[in-house]
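Participant: To be precise about what I am sending: the file is called coords06.cif and holds mmCIF, C-alpha atoms.
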```cif
data_coords
#
loop_
_atom_site.label_atom_id
_atom_site.label_comp_id
_atom_site.auth_asym_id
_atom_site.auth_seq_id
_atom_site.Cartn_x
_atom_site.Cartn_y
_atom_site.Cartn_z
CA MET A 1 -0.68 5.03 -45.73
CA THR A 2 -3.63 5.40 -43.37
CA SER A 3 -6.77 3.75 -44.72
CA ARG A 4 -10.14 5.47 -44.73
CA ARG A 5 -11.37 2.91 -42.21
CA ASP A 6 -8.46 3.67 -39.82
CA PHE A 7 -8.98 7.40 -40.32
CA VAL A 8 -12.69 7.17 -39.49
CA ALA A 9 -11.96 4.95 -36.52
CA GLY A 10 -9.44 7.50 -35.30
CA LEU A 11 -12.00 10.27 -35.59
CA GLY A 12 -14.45 8.19 -33.61
CA ALA A 13 -11.92 7.55 -30.85
CA ALA A 14 -11.02 11.23 -30.72
CA ALA A 15 -14.68 12.19 -30.50
CA LEU A 16 -15.25 9.66 -27.71
CA SER A 17 -12.26 11.00 -25.80
CA ALA A 18 -13.44 14.59 -26.23
CA ALA A 19 -16.84 13.61 -24.86
CA LEU A 20 -15.33 12.33 -21.62
CA PRO A 21 -15.43 14.57 -18.54
CA LEU A 22 -12.27 16.64 -18.09
CA HIS A 23 -11.09 14.65 -15.07
CA LEU A 24 -11.35 11.38 -17.00
CA ARG A 25 -9.38 12.81 -19.89
CA ALA A 26 -6.72 13.98 -17.41
CA LEU A 27 -6.72 10.56 -15.78
CA ARG A 28 -6.18 8.85 -19.13
CA ARG A 29 -3.30 11.17 -20.03
CA PHE A 30 -1.62 10.73 -16.65
CA ARG A 31 -2.03 6.95 -16.55
CA SER A 32 -0.65 6.55 -20.08
CA ALA A 33 2.43 8.63 -19.23
CA ALA A 34 3.22 7.32 -15.71
CA PRO A 35 5.85 4.56 -15.49
CA PHE A 36 3.82 2.75 -12.78
CA PRO A 37 0.17 2.74 -11.75
CA LEU A 38 -0.36 4.88 -8.64
CA SER A 39 -2.69 4.55 -5.68
CA VAL A 40 -3.27 6.35 -2.39
CA LEU A 41 -4.60 5.26 0.98
CA THR A 42 -7.90 7.08 1.14
CA ASP A 43 -7.81 7.71 4.90
CA GLU A 44 -4.52 9.57 4.46
CA ILE A 45 -6.59 12.20 2.61
CA SER A 46 -9.84 12.11 4.57
CA GLN A 47 -12.06 9.83 6.62
CA ASP A 48 -14.82 10.85 4.21
CA LEU A 49 -14.42 8.13 1.60
CA GLY A 50 -16.40 9.94 -1.07
CA HIS A 51 -14.30 13.09 -0.71
CA ALA A 52 -11.04 11.13 -0.63
CA CYS A 53 -11.97 9.25 -3.80
CA GLU A 54 -12.96 12.48 -5.54
CA ILE A 55 -9.54 13.95 -4.74
CA ALA A 56 -7.77 10.75 -5.82
CA ALA A 57 -9.60 10.54 -9.16
CA ARG A 58 -10.30 14.10 -10.21
CA GLU A 59 -7.33 15.92 -8.75
CA PHE A 60 -4.57 13.32 -8.51
CA GLY A 61 -5.67 11.53 -11.69
CA LEU A 62 -5.41 8.06 -10.18
CA GLY A 63 -7.01 4.83 -11.27
CA TYR A 64 -6.51 3.07 -7.91
CA VAL A 65 -7.05 3.64 -4.22
CA GLU A 66 -6.13 1.56 -1.19
CA LEU A 67 -8.71 1.02 1.55
CA ARG A 68 -7.94 0.95 5.29
CA ALA A 69 -10.54 2.96 7.21
CA ALA A 70 -13.38 5.39 6.58
CA HIS A 71 -15.69 7.39 8.81
CA GLY A 72 -13.72 6.22 11.85
CA LYS A 73 -14.33 2.55 11.06
CA ASN A 74 -11.64 0.04 10.09
CA ILE A 75 -12.34 -1.85 6.88
CA MET A 76 -12.43 -5.16 8.75
CA GLN A 77 -15.53 -3.87 10.55
CA TRP A 78 -17.40 -2.63 7.49
CA ASP A 79 -20.85 -4.17 7.22
CA ALA A 80 -22.87 -4.84 4.08
CA ASN A 81 -24.12 -1.25 3.90
CA ASP A 82 -20.61 0.15 4.28
CA VAL A 83 -19.32 -2.13 1.53
CA ALA A 84 -22.19 -1.27 -0.82
CA GLU A 85 -21.66 2.46 -0.27
CA ALA A 86 -17.91 2.14 -0.86
CA ARG A 87 -18.41 0.15 -4.04
CA GLY A 88 -20.80 2.78 -5.33
CA ILE A 89 -18.27 5.53 -4.64
CA LEU A 90 -15.50 3.60 -6.41
CA GLN A 91 -17.72 3.04 -9.42
CA ARG A 92 -18.72 6.71 -9.54
CA PHE A 93 -15.09 7.80 -9.72
CA HIS A 94 -13.90 4.95 -11.94
CA LEU A 95 -11.48 3.67 -9.30
CA LYS A 96 -10.14 0.19 -8.63
CA VAL A 97 -8.75 -1.10 -5.34
CA SER A 98 -5.02 -1.83 -5.35
CA GLU A 99 -4.96 -3.53 -1.93
CA LEU A 100 -6.93 -3.89 1.29
CA ALA A 101 -4.75 -2.42 4.04
CA SER A 102 -5.90 -4.76 6.76
CA PRO A 103 -4.47 -4.88 10.31
CA ILE A 104 -4.16 -8.68 10.29
CA PHE A 105 -1.42 -9.94 12.62
CA LYS A 106 -0.70 -6.45 13.94
CA VAL A 107 -1.18 -7.80 17.45
CA SER A 108 1.04 -9.23 20.18
CA TRP A 109 2.43 -12.73 19.76
CA PRO A 110 0.83 -14.96 22.42
CA GLY A 111 3.11 -16.13 25.21
CA ALA A 112 5.88 -13.65 24.40
CA PRO A 113 7.02 -10.78 26.64
CA PRO A 114 5.16 -7.50 26.05
CA SER A 115 6.43 -5.63 23.02
CA PRO A 116 8.05 -2.30 23.93
CA VAL A 117 6.50 -0.70 20.82
CA ALA A 118 2.98 -2.08 21.03
CA PRO A 119 0.52 0.85 21.17
CA SER A 120 -1.77 1.35 24.14
CA GLY A 121 -4.83 1.92 21.97
CA PRO A 122 -6.30 1.26 18.51
CA GLN A 123 -4.45 2.23 15.33
CA PHE A 124 -6.46 3.26 12.26
CA ALA A 125 -9.62 2.27 14.14
CA ALA A 126 -8.38 -1.33 14.49
CA ASP A 127 -8.60 -3.02 17.89
CA PHE A 128 -8.49 -6.79 17.52
CA THR A 129 -7.08 -9.66 19.58
CA TYR A 130 -4.91 -12.58 18.53
CA ALA A 131 -7.92 -14.88 18.96
CA GLN A 132 -9.79 -12.93 16.25
CA GLN A 133 -7.13 -13.27 13.55
CA GLU A 134 -8.54 -16.39 11.92
CA GLU A 135 -11.92 -14.71 11.63
CA LEU A 136 -10.24 -11.64 10.17
CA LEU A 137 -8.52 -13.75 7.52
CA ASP A 138 -11.88 -15.17 6.42
CA ARG A 139 -13.42 -11.71 6.34
CA ALA A 140 -10.47 -10.32 4.39
CA VAL A 141 -10.99 -12.93 1.68
CA GLU A 142 -14.66 -11.97 1.43
CA LEU A 143 -13.79 -8.28 1.21
CA ALA A 144 -11.07 -8.90 -1.38
CA HIS A 145 -13.63 -10.61 -3.60
CA LEU A 146 -16.20 -7.86 -3.05
CA PHE A 147 -13.68 -5.15 -3.93
CA GLU A 148 -12.16 -7.19 -6.76
CA THR A 149 -8.56 -7.06 -5.56
CA PRO A 150 -6.24 -10.04 -5.05
CA TYR A 151 -4.19 -8.32 -2.33
CA VAL A 152 -4.59 -8.08 1.43
CA ARG A 153 -1.88 -6.36 3.48
CA ILE A 154 -0.77 -8.08 6.71
CA PHE A 155 2.00 -7.83 9.35
CA ASP A 156 3.97 -10.21 11.57
CA PHE A 157 3.14 -9.11 15.13
CA TRP A 158 4.44 -6.33 17.38
CA ARG A 159 8.20 -6.28 17.50
CA LEU A 160 9.94 -8.26 20.23
CA ASP A 161 13.31 -7.38 21.74
CA ASP A 162 14.35 -10.97 21.03
CA GLN A 163 12.46 -12.76 18.27
CA THR A 164 14.62 -15.87 18.32
CA PRO A 165 12.51 -18.08 20.62
CA TYR A 166 9.34 -17.31 18.64
CA ARG A 167 10.52 -16.70 15.08
CA GLU A 168 9.96 -20.20 13.73
CA ALA A 169 6.41 -20.28 15.11
CA ILE A 170 5.68 -16.82 13.68
CA ASP A 171 6.95 -17.93 10.27
CA ASP A 172 4.72 -20.97 10.42
CA ARG A 173 1.70 -18.86 11.37
CA LEU A 174 2.26 -16.77 8.23
CA ARG A 175 2.79 -19.91 6.17
CA GLN A 176 -0.51 -21.39 7.33
CA ALA A 177 -2.35 -18.14 6.61
CA ALA A 178 -0.96 -18.03 3.07
CA ARG A 179 -1.96 -21.64 2.50
CA LYS A 180 -5.45 -20.86 3.70
CA VAL A 181 -6.15 -17.90 1.42
CA GLY A 182 -4.14 -18.87 -1.66
CA PRO A 183 -6.64 -21.41 -3.01
CA ARG A 184 -9.34 -18.76 -2.61
CA GLY A 185 -7.60 -16.38 -5.00
CA VAL A 186 -6.05 -14.03 -2.43
CA THR A 187 -2.42 -13.08 -1.83
CA LEU A 188 -1.23 -11.78 1.53
CA ASN A 189 1.24 -8.90 1.19
CA LEU A 190 3.33 -8.67 4.34
CA GLU A 191 4.34 -5.08 5.02
CA ASN A 192 7.73 -4.44 6.55
CA GLU A 193 6.77 -2.28 9.53
CA ALA A 194 9.19 -0.62 11.94
CA ALA A 195 7.06 -1.62 14.93
CA CYS A 196 6.71 -5.24 13.83
CA ASN A 197 9.09 -8.20 13.70
CA THR A 198 9.81 -7.79 9.98
CA ALA A 199 10.83 -4.16 9.62
CA THR A 200 13.58 -3.96 7.01
CA GLY A 201 14.45 -5.26 3.57
CA ALA A 202 16.97 -7.64 5.12
CA GLU A 203 14.37 -9.05 7.51
CA ALA A 204 11.80 -9.33 4.72
CA ALA A 205 14.30 -11.23 2.56
CA ARG A 206 14.89 -13.70 5.40
CA LEU A 207 11.14 -14.21 5.84
CA LEU A 208 10.44 -14.76 2.16
CA ALA A 209 13.29 -17.26 1.95
CA VAL A 210 11.67 -19.51 4.57
CA VAL A 211 8.00 -18.92 3.78
CA ARG A 212 8.00 -19.83 0.10
CA GLU A 213 4.27 -19.93 -0.54
CA GLN A 214 3.49 -17.71 -3.53
CA SER A 215 0.35 -16.50 -1.78
CA LEU A 216 2.63 -14.62 0.62
CA LYS A 217 4.39 -11.67 -0.95
CA LEU A 218 5.75 -8.32 0.15
CA ASN A 219 4.28 -4.86 0.47
CA TRP A 220 7.68 -3.12 0.33
CA ASP A 221 7.79 0.09 2.37
CA PRO A 222 11.13 1.91 2.14
CA GLY A 223 9.96 4.53 4.64
CA ASN A 224 9.35 1.93 7.33
CA ALA A 225 12.74 0.33 6.66
CA ALA A 226 14.41 3.72 7.06
CA ALA A 227 12.54 4.29 10.33
CA ARG A 228 14.17 1.09 11.63
CA GLY A 229 17.62 2.38 10.61
CA GLU A 230 18.16 0.59 7.29
CA THR A 231 19.14 2.38 4.09
CA PRO A 232 16.19 1.05 2.07
CA TYR A 233 17.71 1.76 -1.32
CA PRO A 234 20.03 0.34 -2.33
CA ASP A 235 20.82 -1.76 0.78
CA GLY A 236 17.43 -3.22 1.71
CA TYR A 237 16.02 -3.43 -1.81
CA THR A 238 19.09 -5.26 -3.14
CA LYS A 239 18.42 -8.16 -0.77
CA LEU A 240 14.79 -8.63 -1.78
CA PRO A 241 13.54 -11.28 -4.24
CA LYS A 242 12.10 -8.96 -6.86
CA ASP A 243 9.42 -11.42 -7.97
CA ARG A 244 7.94 -11.41 -4.46
CA ILE A 245 7.32 -7.64 -4.32
CA ALA A 246 3.63 -7.32 -5.15
CA HIS A 247 2.75 -3.85 -3.89
CA MET A 248 4.49 -0.82 -2.38
CA HIS A 249 3.82 1.92 0.15
CA CYS A 250 5.54 5.21 -0.58
CA LYS A 251 6.40 7.92 1.93
CA ASP A 252 9.55 9.81 2.89
CA ILE A 253 11.42 10.42 6.13
CA VAL A 254 13.97 12.78 7.64
CA ARG A 255 16.47 12.18 10.42
CA LYS A 256 16.60 14.82 13.14
CA THR A 257 19.71 16.02 14.97
CA ASP A 258 18.89 13.82 17.97
CA GLY A 259 18.90 10.73 15.75
CA THR A 260 15.14 10.20 15.74
CA THR A 261 13.08 10.33 12.55
CA GLU A 262 9.90 11.97 11.36
CA TRP A 263 7.87 11.70 8.17
CA ALA A 264 8.41 14.01 5.21
CA ALA A 265 6.75 14.79 1.90
CA MET A 266 7.81 12.55 -0.96
CA GLY A 267 11.13 13.71 -2.38
CA LYS A 268 11.95 15.87 0.66
CA GLY A 269 13.58 13.22 2.84
CA ILE A 270 16.62 10.97 3.01
CA ILE A 271 15.33 8.06 0.92
CA ASP A 272 16.82 7.76 -2.55
CA TRP A 273 13.40 7.53 -4.11
CA LEU A 274 14.63 8.36 -7.59
CA GLY A 275 17.14 5.51 -7.41
CA GLN A 276 14.46 3.19 -6.04
CA LEU A 277 11.98 4.07 -8.77
CA ARG A 278 14.56 3.65 -11.51
CA ALA A 279 15.53 0.26 -10.07
CA LEU A 280 11.89 -0.83 -10.03
CA LYS A 281 11.56 0.05 -13.70
CA ARG A 282 14.85 -1.70 -14.53
CA ASP A 283 13.77 -4.82 -12.64
CA GLY A 284 10.37 -5.00 -14.33
CA TYR A 285 8.16 -4.16 -11.36
CA ARG A 286 4.54 -4.34 -12.48
CA GLY A 287 2.70 -3.62 -9.25
CA VAL A 288 1.05 -0.49 -7.91
CA LEU A 289 2.81 2.28 -5.96
CA SER A 290 0.57 3.55 -3.17
CA LEU A 291 1.11 6.89 -1.43
CA GLU A 292 0.87 6.48 2.34
CA THR A 293 1.38 10.15 3.20
CA HIS A 294 1.86 9.99 7.03
CA TRP A 295 3.51 13.44 6.87
CA ARG A 296 1.25 16.22 8.18
CA GLY A 297 3.56 19.19 7.69
CA ALA A 298 1.12 21.02 5.42
CA GLY A 299 -1.38 21.38 8.25
CA THR A 300 -4.12 18.99 7.17
CA ALA A 301 -4.16 15.42 5.93
CA GLU A 302 -5.64 16.48 2.60
CA GLU A 303 -3.14 19.27 1.90
CA SER A 304 -0.23 17.13 3.08
CA SER A 305 -1.32 14.35 0.74
CA ARG A 306 -1.70 16.88 -2.06
CA GLN A 307 1.85 18.18 -1.62
CA SER A 308 3.31 14.71 -1.16
CA MET A 309 1.58 13.47 -4.32
CA ALA A 310 3.02 16.45 -6.21
CA GLY A 311 6.50 15.49 -5.00
CA PHE A 312 5.84 11.87 -5.95
CA LYS A 313 4.82 12.80 -9.50
CA ASP A 314 7.87 15.03 -9.84
CA LEU A 315 10.07 12.05 -8.96
CA LEU A 316 8.23 9.88 -11.48
CA ASP A 317 8.82 12.49 -14.18
CA HIS A 318 12.55 11.85 -13.79
CA VAL A 319 12.38 8.05 -14.04
CA GLU A 320 14.19 7.05 -17.21
#
```
Mind turning this structure into structure tokens?
Facilitator:
Amino acid sequence: MTSRRDFVAGLGAAALSAALPLHLRALRRFRSAAPFPLSVLTDEISQDLGHACEIAAREFGLGYVELRAAHGKNIMQWDANDVAEARGILQRFHLKVSELASPIFKVSWPGAPPSPVAPSGPQFAADFTYAQQEELLDRAVELAHLFETPYVRIFDFWRLDDQTPYREAIDDRLRQAARKVGPRGVTLNLENEAACNTATGAEAARLLAVVREQSLKLNWDPGNAAARGETPYPDGYTKLPKDRIAHMHCKDIVRKTDGTTEWAAMGKGIIDWLGQLRALKRDGYRGVLSLETHWRGAGTAEESSRQSMAGFKDLLDHVE
């Protein structure tokens, strides 16, 4: 039987909940029902960080966002004023940071032949050299502490036609980076990226088997694996050490008649996202799932993110 004290406490909690703004009540309901915490890269919605965070919190009902760029400026170039403004926005919308989506090691490997997929200009407002990477690691640790997240996303250099002569040195470079940041409370999440040397689940599994430092984990991106030609679920995922998946990027992809691929809204492509999500739940995944829209089929970044998030939530509703 419910005691008077419990009954009164329940009334108090109900009154407190009713006093919350509508968007916070919606956020609480969504977060309590979702099988995983969700995030979104803010610059996939808008370069206006305040607007992106308002959409993420009040419309999408999220408790997390992922930071990469805002107002045309990569996060690694944010100064003290930029950081203070961003922290104020996050506080206003009751948002936490799931990961810093840094461009660390998304550069050419020194001494290797030019990568056929290296871009000719900056990506996501990032334009750094190999010589700057050590400085970027230090800055990433500072930013991780300022934004109260343990995770910094990294890569493993623009993809080479033949990695073999350089692979051991690349592995060691990642190992040394992990050893540097680990004692400072930061974990580097390597993203499998179609344009980088670790692109698939199979390649990520190989990397994690030789770089065993626990301060190097994986930002698993099934969309990127599919863009490189792998079937990400079940093939790529099956090979991965599940305890080394710390964060995920979520987007979908379609294959065109000429064999090339293009991005799609979540649930509208060839990736077995429902199977992947069910496997994550079965395997006890406790990290955040972050929407990285990429698809622009709805005309604008904001509307495309809106539709892709709707597809994402529909998938999550069917996770058993």
Participant: Which of these, A:Ile154, A:Ala227, A:Val141, A:Leu316, has the shortest distance to Ala195 (chain A) once you count all atoms listed in the file?
Facilitator: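 Result for the nearest residue to Ala195 (chain A): A:Ala227.
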Participant: If we count only C-alpha atoms, what is near region 45-57 of chain A at a cut-off of 7 Å, once residues fewer than 5 positions away on the same chain are taken out, given as a PyMOL selection string?
Facilitator: chain A and resi 62-63+70-72+89+93+301-302+305
Participant: Just write the chosen residues, C-alpha atoms, as a PDB file, keeping the file's coordinate frame.
Facilitator:
```
ATOM      1  CA  LEU A  62      -5.410   8.060 -10.180  1.00  0.00           C
ATOM      2  CA  GLY A  63      -7.010   4.830 -11.270  1.00  0.00           C
ATOM      3  CA  ALA A  70     -13.380   5.390   6.580  1.00  0.00           C
ATOM      4  CA  HIS A  71     -15.690   7.390   8.810  1.00  0.00           C
ATOM      5  CA  GLY A  72     -13.720   6.220  11.850  1.00  0.00           C
ATOM      6  CA  ILE A  89     -18.270   5.530  -4.640  1.00  0.00           C
ATOM      7  CA  PHE A  93     -15.090   7.800  -9.720  1.00  0.00           C
ATOM      8  CA  ALA A 301      -4.160  15.420   5.930  1.00  0.00           C
ATOM      9  CA  GLU A 302      -5.640  16.480   2.600  1.00  0.00           C
ATOM     10  CA  SER A 305      -1.320  14.350   0.740  1.00  0.00           C
TER      11      SER A 305
END
```
Participant: Report, in Å with one decimal, the straight-line distance from CA of Asp172 (chain A) to CA of Thr198 (chain A).
Facilitator: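 Here the two named atoms are 14.1 Å from each other.
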Participant: Specify as a list in words each residue included when the PyMOL selection byres ((chain A and resi 113) around 12) is applied to this file.
Facilitator: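 Expected selection for the PyMOL selection byres ((chain A and resi 113) around 12) here is Ser108, Trp109, Pro110, Gly111, Ala112, Pro114, Ser115, Pro116, Val117, Ala118, Trp158, Arg159, Leu160, Asp161, Asp162, Gln163, Pro165 and Tyr166 of chain A.
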Participant: Can you work out the spacing between CA of Gly299 (chain A) and CA of Lys313 (chain A) in Å, to one decimal?
Facilitator: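 Between CA of Gly299 (chain A) and CA of Lys313 (chain A) the gap is 20.7 Å.
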Participant: The PyMOL selection byres ((chain A and resi 292) around 6) on the file shown: which residues, as a PyMOL selection string?
Facilitator: chain A and resi 41+249-251+291+293-294
Participant: Based on the selection just made, write C-alpha atoms of those residues as a short mmCIF file (atom, residue, chain, number, x, y, z; two decimals), in the coordinates of the input.
Facilitator:
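Result file is out_1.cif:
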```
data_model
loop_
_atom_site.label_atom_id
_atom_site.label_comp_id
_atom_site.auth_asym_id
_atom_site.auth_seq_id
_atom_site.Cartn_x
_atom_site.Cartn_y
_atom_site.Cartn_z
CA LEU A 41 -4.60 5.26 0.98
CA HIS A 249 3.82 1.92 0.15
CA CYS A 250 5.54 5.21 -0.58
CA LYS A 251 6.40 7.92 1.93
CA LEU A 291 1.11 6.89 -1.43
CA THR A 293 1.38 10.15 3.20
CA HIS A 294 1.86 9.99 7.03
#
```
Participant: How far is it from CA of Asp171 (chain A) to CA of Ala226 (chain A), in Å with one decimal?
Facilitator: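 Straight-line distance from CA of Asp171 (chain A) to CA of Ala226 (chain A) works out to 23.1 Å.
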